[in-house]
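Peer 1: Sharing upload_26.pdb (PDB, C-alpha atoms) below.
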ATOM      1  CA  MET A1015      10.203 -25.877  11.578  1.00  0.00           C
ATOM      2  CA  ASN A1016      11.940 -23.971  14.374  1.00  0.00           C
ATOM      3  CA  ALA A1017      10.195 -21.542  16.709  1.00  0.00           C
ATOM      4  CA  SER A1018      11.643 -18.417  15.026  1.00  0.00           C
ATOM      5  CA  GLU A1019      10.221 -19.237  11.565  1.00  0.00           C
ATOM      6  CA  PRO A1020       6.919 -17.579  10.687  1.00  0.00           C
ATOM      7  CA  ARG A1021       3.919 -19.893  10.810  1.00  0.00           C
ATOM      8  CA  LEU A1022       1.633 -19.954   7.778  1.00  0.00           C
ATOM      9  CA  VAL A1023      -2.042 -19.241   8.397  1.00  0.00           C
ATOM     10  CA  ASP A1024      -4.765 -21.806   7.676  1.00  0.00           C
ATOM     11  CA  ASP A1025      -6.806 -21.631   4.456  1.00  0.00           C
ATOM     12  CA  ALA A1026      -9.782 -19.803   5.990  1.00  0.00           C
ATOM     13  CA  THR A1027      -7.556 -17.077   7.473  1.00  0.00           C
ATOM     14  CA  TYR A1028      -5.626 -16.802   4.213  1.00  0.00           C
ATOM     15  CA  LEU A1029      -8.866 -16.288   2.296  1.00  0.00           C
ATOM     16  CA  ALA A1030     -10.002 -13.605   4.779  1.00  0.00           C
ATOM     17  CA  ILE A1031      -6.659 -11.780   4.435  1.00  0.00           C
ATOM     18  CA  GLN A1032      -6.798 -12.050   0.652  1.00  0.00           C
ATOM     19  CA  ARG A1033     -10.337 -10.641   0.602  1.00  0.00           C
ATOM     20  CA  PHE A1034      -9.276  -7.794   2.882  1.00  0.00           C
ATOM     21  CA  LEU A1035      -6.348  -6.866   0.604  1.00  0.00           C
ATOM     22  CA  PHE A1036      -8.513  -7.057  -2.525  1.00  0.00           C
ATOM     23  CA  ARG A1037     -11.254  -4.926  -0.910  1.00  0.00           C
ATOM     24  CA  GLU A1038      -8.730  -2.373   0.317  1.00  0.00           C
ATOM     25  CA  THR A1039      -7.227  -2.117  -3.175  1.00  0.00           C
ATOM     26  CA  ALA A1040     -10.656  -1.736  -4.789  1.00  0.00           C
ATOM     27  CA  LEU A1041     -11.448   1.174  -2.461  1.00  0.00           C
ATOM     28  CA  LEU A1042      -8.288   2.947  -3.614  1.00  0.00           C
ATOM     29  CA  ASP A1043      -9.099   2.263  -7.277  1.00  0.00           C
ATOM     30  CA  ARG A1044     -12.540   3.852  -6.759  1.00  0.00           C
ATOM     31  CA  ARG A1045     -10.928   6.787  -4.914  1.00  0.00           C
ATOM     32  CA  ASP A1046     -13.077   5.937  -1.877  1.00  0.00           C
ATOM     33  CA  TYR A1047     -10.496   7.339   0.499  1.00  0.00           C
ATOM     34  CA  GLY A1048     -12.946   7.557   3.411  1.00  0.00           C
ATOM     35  CA  GLY A1049     -13.704   3.852   3.069  1.00  0.00           C
ATOM     36  CA  TRP A1050      -9.973   3.105   2.782  1.00  0.00           C
ATOM     37  CA  LEU A1051      -9.107   5.155   5.895  1.00  0.00           C
ATOM     38  CA  ALA A1052     -11.809   3.263   7.822  1.00  0.00           C
ATOM     39  CA  LEU A1053      -9.680   0.129   7.346  1.00  0.00           C
ATOM     40  CA  MET A1054      -6.691   1.671   9.158  1.00  0.00           C
ATOM     41  CA  THR A1055      -5.869   1.293  12.848  1.00  0.00           C
ATOM     42  CA  GLU A1056      -5.398   4.403  14.970  1.00  0.00           C
ATOM     43  CA  ASP A1057      -1.651   3.668  15.134  1.00  0.00           C
ATOM     44  CA  ILE A1058      -1.193   3.012  11.387  1.00  0.00           C
ATOM     45  CA  ARG A1059       2.296   3.470   9.955  1.00  0.00           C
ATOM     46  CA  TYR A1060       2.426   3.764   6.158  1.00  0.00           C
ATOM     47  CA  ARG A1061       5.837   3.833   4.459  1.00  0.00           C
ATOM     48  CA  VAL A1062       6.854   3.814   0.822  1.00  0.00           C
ATOM     49  CA  ASN A1063      10.519   3.272   0.016  1.00  0.00           C
ATOM     50  CA  ALA A1064      12.260   3.854  -3.295  1.00  0.00           C
ATOM     51  CA  LEU A1065      15.743   3.133  -4.565  1.00  0.00           C
ATOM     52  CA  VAL A1066      18.353   5.651  -5.656  1.00  0.00           C
ATOM     53  CA  ALA A1067      21.411   4.664  -7.684  1.00  0.00           C
ATOM     54  CA  ARG A1068      24.222   7.183  -7.659  1.00  0.00           C
ATOM     55  CA  ASP A1069      27.155   5.253  -9.088  1.00  0.00           C
ATOM     56  CA  ALA A1070      27.465   2.178 -11.292  1.00  0.00           C
ATOM     57  CA  GLY A1071      29.887   0.597  -8.827  1.00  0.00           C
ATOM     58  CA  ALA A1072      27.725   1.130  -5.754  1.00  0.00           C
ATOM     59  CA  PRO A1073      24.516  -0.679  -4.847  1.00  0.00           C
ATOM     60  CA  ALA A1074      21.231   1.223  -4.920  1.00  0.00           C
ATOM     61  CA  VAL A1075      20.249   2.815  -1.614  1.00  0.00           C
ATOM     62  CA  GLU A1076      16.721   2.496  -0.255  1.00  0.00           C
ATOM     63  CA  TYR A1077      15.101   5.601   1.221  1.00  0.00           C
ATOM     64  CA  ALA A1078      11.639   6.542   2.487  1.00  0.00           C
ATOM     65  CA  ILE A1079       9.638   8.837   0.225  1.00  0.00           C
ATOM     66  CA  ILE A1080       6.476   8.532   2.330  1.00  0.00           C
ATOM     67  CA  ASP A1081       6.373   7.894   6.069  1.00  0.00           C
ATOM     68  CA  GLU A1082       2.947   8.707   7.507  1.00  0.00           C
ATOM     69  CA  ASP A1083       0.800   8.061  10.551  1.00  0.00           C
ATOM     70  CA  LEU A1084      -3.009   8.390  10.529  1.00  0.00           C
ATOM     71  CA  VAL A1085      -2.903  12.198  10.725  1.00  0.00           C
ATOM     72  CA  GLY A1086      -0.437  12.333   7.828  1.00  0.00           C
ATOM     73  CA  LEU A1087      -2.529   9.941   5.729  1.00  0.00           C
ATOM     74  CA  LYS A1088      -5.654  12.031   6.331  1.00  0.00           C
ATOM     75  CA  SER A1089      -3.764  15.162   5.292  1.00  0.00           C
ATOM     76  CA  ARG A1090      -2.407  13.421   2.164  1.00  0.00           C
ATOM     77  CA  ILE A1091      -5.918  12.259   1.236  1.00  0.00           C
ATOM     78  CA  ASP A1092      -7.374  15.737   1.834  1.00  0.00           C
ATOM     79  CA  GLN A1093      -4.780  17.087  -0.589  1.00  0.00           C
ATOM     80  CA  LEU A1094      -5.380  14.369  -3.216  1.00  0.00           C
ATOM     81  CA  SER A1095      -9.153  14.820  -2.960  1.00  0.00           C
ATOM     82  CA  ASN A1096      -9.225  18.607  -3.286  1.00  0.00           C
ATOM     83  CA  PRO A1097      -8.514  19.863  -6.844  1.00  0.00           C
ATOM     84  CA  ARG A1098      -7.503  23.274  -5.474  1.00  0.00           C
ATOM     85  CA  LEU A1099      -4.758  21.728  -3.315  1.00  0.00           C
ATOM     86  CA  THR A1100      -3.052  19.508  -5.862  1.00  0.00           C
ATOM     87  CA  ARG A1101      -1.857  19.899  -9.398  1.00  0.00           C
ATOM     88  CA  ALA A1102      -0.676  16.276  -9.582  1.00  0.00           C
ATOM     89  CA  GLU A1103      -4.228  14.887  -9.276  1.00  0.00           C
ATOM     90  CA  ASN A1104      -6.230  17.543 -11.090  1.00  0.00           C
ATOM     91  CA  PRO A1105      -7.850  15.976 -13.037  1.00  0.00           C
ATOM     92  CA  PRO A1106      -7.598  12.719 -11.079  1.00  0.00           C
ATOM     93  CA  SER A1107      -5.484   9.886 -12.419  1.00  0.00           C
ATOM     94  CA  MET A1108      -7.087   6.671 -13.565  1.00  0.00           C
ATOM     95  CA  THR A1109      -5.563   3.851 -11.541  1.00  0.00           C
ATOM     96  CA  ARG A1110      -5.851   0.104 -11.374  1.00  0.00           C
ATOM     97  CA  ARG A1111      -4.014  -1.948  -8.792  1.00  0.00           C
ATOM     98  CA  VAL A1112      -3.380  -5.686  -8.999  1.00  0.00           C
ATOM     99  CA  VAL A1113      -2.352  -7.537  -5.841  1.00  0.00           C
ATOM    100  CA  SER A1114      -0.772 -10.971  -6.171  1.00  0.00           C
ATOM    101  CA  ASN A1115       1.651 -13.488  -4.630  1.00  0.00           C
ATOM    102  CA  ILE A1116       0.105 -13.079  -1.178  1.00  0.00           C
ATOM    103  CA  GLU A1117       1.816 -14.903   1.666  1.00  0.00           C
ATOM    104  CA  ALA A1118       0.211 -14.734   5.118  1.00  0.00           C
ATOM    105  CA  TYR A1119       1.652 -15.642   8.508  1.00  0.00           C
ATOM    106  CA  HIS A1120       0.664 -15.549  12.146  1.00  0.00           C
ATOM    107  CA  GLY A1121       2.082 -12.572  14.003  1.00  0.00           C
ATOM    108  CA  THR A1122       3.691 -12.483  17.419  1.00  0.00           C
ATOM    109  CA  VAL A1123       0.326 -11.500  18.957  1.00  0.00           C
ATOM    110  CA  ALA A1124      -2.715 -13.760  18.485  1.00  0.00           C
ATOM    111  CA  SER A1125      -4.791 -11.060  16.769  1.00  0.00           C
ATOM    112  CA  GLU A1126      -2.004  -9.946  14.388  1.00  0.00           C
ATOM    113  CA  PHE A1127      -1.006 -11.335  11.018  1.00  0.00           C
ATOM    114  CA  SER A1128       1.684 -10.410   8.536  1.00  0.00           C
ATOM    115  CA  ALA A1129       1.089 -10.451   4.816  1.00  0.00           C
ATOM    116  CA  THR A1130       3.525 -10.017   1.979  1.00  0.00           C
ATOM    117  CA  SER A1131       2.163  -9.234  -1.469  1.00  0.00           C
ATOM    118  CA  TYR A1132       3.254  -7.948  -4.841  1.00  0.00           C
ATOM    119  CA  LEU A1133       1.586  -4.903  -6.307  1.00  0.00           C
ATOM    120  CA  LEU A1134       1.305  -3.759  -9.884  1.00  0.00           C
ATOM    121  CA  ALA A1135      -0.342  -0.345 -10.119  1.00  0.00           C
ATOM    122  CA  TYR A1136      -1.176   1.233 -13.459  1.00  0.00           C
ATOM    123  CA  ARG A1137      -1.682   5.002 -13.552  1.00  0.00           C
ATOM    124  CA  SER A1138      -2.906   7.042 -16.495  1.00  0.00           C
ATOM    125  CA  ARG A1139      -3.298  10.803 -16.655  1.00  0.00           C
ATOM    126  CA  PRO A1140      -4.666  13.095 -19.366  1.00  0.00           C
ATOM    127  CA  SER A1141      -1.205  14.716 -19.553  1.00  0.00           C
ATOM    128  CA  ALA A1142       0.431  11.271 -19.980  1.00  0.00           C
ATOM    129  CA  PRO A1143      -2.108   9.026 -21.759  1.00  0.00           C
ATOM    130  CA  GLU A1144       0.482   6.272 -22.276  1.00  0.00           C
ATOM    131  CA  GLY A1145       0.383   5.753 -18.520  1.00  0.00           C
ATOM    132  CA  GLY A1146       2.954   4.233 -16.250  1.00  0.00           C
ATOM    133  CA  PHE A1147       3.388   1.421 -13.779  1.00  0.00           C
ATOM    134  CA  TYR A1148       4.458   1.135 -10.185  1.00  0.00           C
ATOM    135  CA  VAL A1149       5.792  -2.284  -9.238  1.00  0.00           C
ATOM    136  CA  ALA A1150       6.321  -3.059  -5.581  1.00  0.00           C
ATOM    137  CA  GLU A1151       6.453  -5.541  -2.764  1.00  0.00           C
ATOM    138  CA  ARG A1152       4.286  -4.752   0.261  1.00  0.00           C
ATOM    139  CA  GLN A1153       4.767  -5.928   3.841  1.00  0.00           C
ATOM    140  CA  ASP A1154       1.584  -5.496   5.883  1.00  0.00           C
ATOM    141  CA  LEU A1155       0.688  -6.015   9.510  1.00  0.00           C
ATOM    142  CA  LEU A1156      -3.028  -6.748   9.868  1.00  0.00           C
ATOM    143  CA  ARG A1157      -5.075  -6.846  13.057  1.00  0.00           C
ATOM    144  CA  LYS A1158      -8.174  -8.990  13.428  1.00  0.00           C
ATOM    145  CA  SER A1159     -10.937  -8.069  15.839  1.00  0.00           C
ATOM    146  CA  ALA A1160     -14.148  -9.940  16.491  1.00  0.00           C
ATOM    147  CA  SER A1161     -15.878  -8.066  13.650  1.00  0.00           C
ATOM    148  CA  ASP A1162     -13.275  -6.891  11.129  1.00  0.00           C
ATOM    149  CA  TRP A1163      -9.731  -6.622   9.838  1.00  0.00           C
ATOM    150  CA  ARG A1164      -7.581  -3.475   9.993  1.00  0.00           C
ATOM    151  CA  LEU A1165      -4.277  -2.416   8.495  1.00  0.00           C
ATOM    152  CA  ALA A1166      -1.760  -1.452  11.203  1.00  0.00           C
ATOM    153  CA  ARG A1167       1.479  -1.211   9.187  1.00  0.00           C
ATOM    154  CA  ARG A1168       2.333  -1.061   5.526  1.00  0.00           C
ATOM    155  CA  SER A1169       5.811  -0.930   4.105  1.00  0.00           C
ATOM    156  CA  VAL A1170       5.982  -0.638   0.320  1.00  0.00           C
ATOM    157  CA  ARG A1171       9.281  -1.231  -1.463  1.00  0.00           C
ATOM    158  CA  LEU A1172       9.109   0.143  -4.982  1.00  0.00           C
ATOM    159  CA  ASP A1173      11.113  -1.678  -7.637  1.00  0.00           C
ATOM    160  CA  HIS A1174      12.043   1.642  -9.240  1.00  0.00           C
ATOM    161  CA  ILE A1175      15.096   3.812  -9.523  1.00  0.00           C
ATOM    162  CA  MET A1176      12.979   6.690 -10.895  1.00  0.00           C
ATOM    163  CA  LEU A1177       9.326   7.364 -10.129  1.00  0.00           C
ATOM    164  CA  VAL A1178       6.573   7.686 -12.716  1.00  0.00           C
ATOM    165  CA  ASP A1179       6.172  11.457 -13.325  1.00  0.00           C
ATOM    166  CA  GLY A1180       9.043  12.066 -10.853  1.00  0.00           C
ATOM    167  CA  ALA A1181       6.657  12.120  -7.861  1.00  0.00           C
ATOM    168  CA  LEU A1182       4.292   9.819  -6.039  1.00  0.00           C
ATOM    169  CA  SER A1183       0.690  10.960  -5.760  1.00  0.00           C
ATOM    170  CA  THR A1184      -0.763   7.439  -5.758  1.00  0.00           C
ATOM    171  CA  LEU A1185      -1.471   5.424  -2.608  1.00  0.00           C
ATOM    172  CA  LEU A1186      -0.064   1.936  -2.910  1.00  0.00           C
TER     173      LEU A1186
END
As structure tokens, what does this structure read like?
Peer 2:
Amino acid sequence: MNASEPRLVDDATYLAIQRFLFRETALLDRRDYGGWLALMTEDIRYRVNALVARDAGAPAVEYAIIDEDLVGLKSRIDQLSNPRLTRAENPPSMTRRVVSNIEAYHGTVASEFSATSYLLAYRSRPSAPEGGFYVAERQDLLRKSASDWRLARRSVRLDHIMLVDGALSTLL
């Protein structure tokens, strides 16, 4: 292995990262947005990218549909949580997220770790009882302190050309 290749974490660290990602996902499924925000660092960067295909002969182009810092995430959550501020989540969607294929590596700083995972998110709404899926790959940067883990960066790459319901009102 050369020095530029990422170094896999040991089993104990992998298990801690896996537990963190599962806990974080469960908070979103329960709509415990306060608990979820408590897992973010002050300098969080949260991006969701989608693909757009314009011509059969050209490759799909990736573009950011969400690019938020902590203030933006708090504002997004305030909107999702308040029925008077959102039509998309009134009544709230039923969601279930499944995280799998987790790979975890040491970061460039001793207290940082990168994790790649796949996400399958099911969303059902009263207006669309058949539901829909979001499928994505996530790239996370996690920071470990003496007492806890925090999410510092998340980049989500949706495997979609078109979004469920034409918009994204679900945190991934």
Peer 1: Go ahead and compute the interatomic distance for atom CA of A:Asn1115 and atom CA of A:Arg1152, in Å to one decimal.
Peer 2: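 So the two atoms, atom CA of A:Asn1115 and atom CA of A:Arg1152, lie 10.4 Å apart.
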Peer 1: Need the shell around A:Glu1082: protein/DNA/RNA residues with any atom at most 8 Å away, counting only C-alpha atoms. Skip same-chain ones fewer than 6 positions apart. Format as number ranges by chain?
Peer 2: A: 1059-1061
Peer 1: Applying 9 Å and all atoms listed in the file, which residues near A:Ile1116 remain after dropping the ones on its own chain fewer than 4 positions away? List them as a ChimeraX atom specification.
Peer 2: /A:1028,1031-1032,1129-1132
Peer 1: Using all atoms listed in the file, tabulate the residues of stretch 1087-1176 of chain A lying at most 12 Å from any atom of stretch 1045-1048 of chain A, each with its closest atom pair and that distance in Å to one decimal, by chain and increasing residue number, as a Markdown table.
Peer 2:
| residue | atom | partner | partner_atom | distance |
| --- | --- | --- | --- | --- |
| A:Leu1087 | CA | A:Tyr1047 | CA | 9.9 |
| A:Lys1088 | CA | A:Tyr1047 | CA | 8.9 |
| A:Ser1089 | CA | A:Tyr1047 | CA | 11.4 |
| A:Arg1090 | CA | A:Tyr1047 | CA | 10.3 |
| A:Ile1091 | CA | A:Tyr1047 | CA | 6.8 |
| A:Asp1092 | CA | A:Tyr1047 | CA | 9.1 |
| A:Gln1093 | CA | A:Tyr1047 | CA | 11.4 |
| A:Leu1094 | CA | A:Tyr1047 | CA | 9.5 |
| A:Ser1095 | CA | A:Tyr1047 | CA | 8.4 |
| A:Asn1096 | CA | A:Tyr1047 | CA | 12.0 |
| A:Glu1103 | CA | A:Arg1045 | CA | 11.4 |
| A:Pro1106 | CA | A:Arg1045 | CA | 9.2 |
| A:Ser1107 | CA | A:Arg1045 | CA | 9.8 |
| A:Met1108 | CA | A:Arg1045 | CA | 9.5 |
| A:Thr1109 | CA | A:Arg1045 | CA | 9.0 |
| A:Arg1110 | CA | A:Arg1045 | CA | 10.6 |
| A:Arg1111 | CA | A:Arg1045 | CA | 11.8 |
Peer 1: Using only C-alpha atoms, can you tell me which of A:Glu1019, A:Asp1081, A:Glu1117, A:Asp1162 comes closest to A:Ala1064?
Peer 2: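 Residue with the minimum atom-to-atom distance to A:Ala1064: A:Asp1081.
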Peer 1: For the point (-11.0, -0.6, 13.5) in the file's frame, write as a list in words all residues with an atom no more than 12 Å away, counting all atoms listed in the file.
Peer 2: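 Returned residue set, sorted by chain then number, is Gly1049, Trp1050, Leu1051, Ala1052, Leu1053, Met1054, Thr1055, Glu1056, Asp1057, Ile1058, Leu1156, Arg1157, Lys1158, Ser1159, Ala1160, Ser1161, Asp1162, Trp1163, Arg1164, Leu1165 and Ala1166 of chain A.
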Peer 1: Please compute the atom CA of A:Val1085-atom CA of A:Val1062 distance, one decimal, in Å.
Peer 2: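 A separation of 16.2 Å between them.
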Peer 1: Hey, can you check how far atom CA of A:Ser1125 sits from atom CA of A:Asp1083?
Peer 2: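 Between atom CA of A:Ser1125 and atom CA of A:Asp1083 the gap is 20.9 Å.
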Peer 1: Output the residue selection produced by the PyMOL selection byres ((chain A and resi 1020-1023) around 7) on the file above, formatted as JSON, numbers by chain.
Peer 2: {"A": [1018, 1019, 1024, 1025, 1027, 1028, 1118, 1119, 1120]}
Peer 1: List the residues matched by the PyMOL selection byres ((chain A and resi 1079) around 6) in the displayed structure as a tab-separated table (two decimals) with C-alpha atoms, in the frame of the given file, ordered by chain and then by residue number.
Peer 2:
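Output saved as out.tsv:
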chain	number	residue	atom	x	y	z
A	1062	VAL	CA	6.85	3.81	0.82
A	1063	ASN	CA	10.52	3.27	0.02
A	1078	ALA	CA	11.64	6.54	2.49
A	1080	ILE	CA	6.48	8.53	2.33
Peer 1: Of the residues A:Glu1126, A:Ala1067, A:Leu1134, A:Val1112, which is the one nearest to A:Asp1154, using only C-alpha atoms?
Peer 2: A:Glu1126
Peer 1: Using only C-alpha atoms for the distances, tell me which of A:Ala1135, A:Ala1026, A:Ala1074, A:Val1149 is nearest to A:Leu1042.
Peer 2: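 Among the listed residues, the smallest separation from A:Leu1042 belongs to A:Ala1135.
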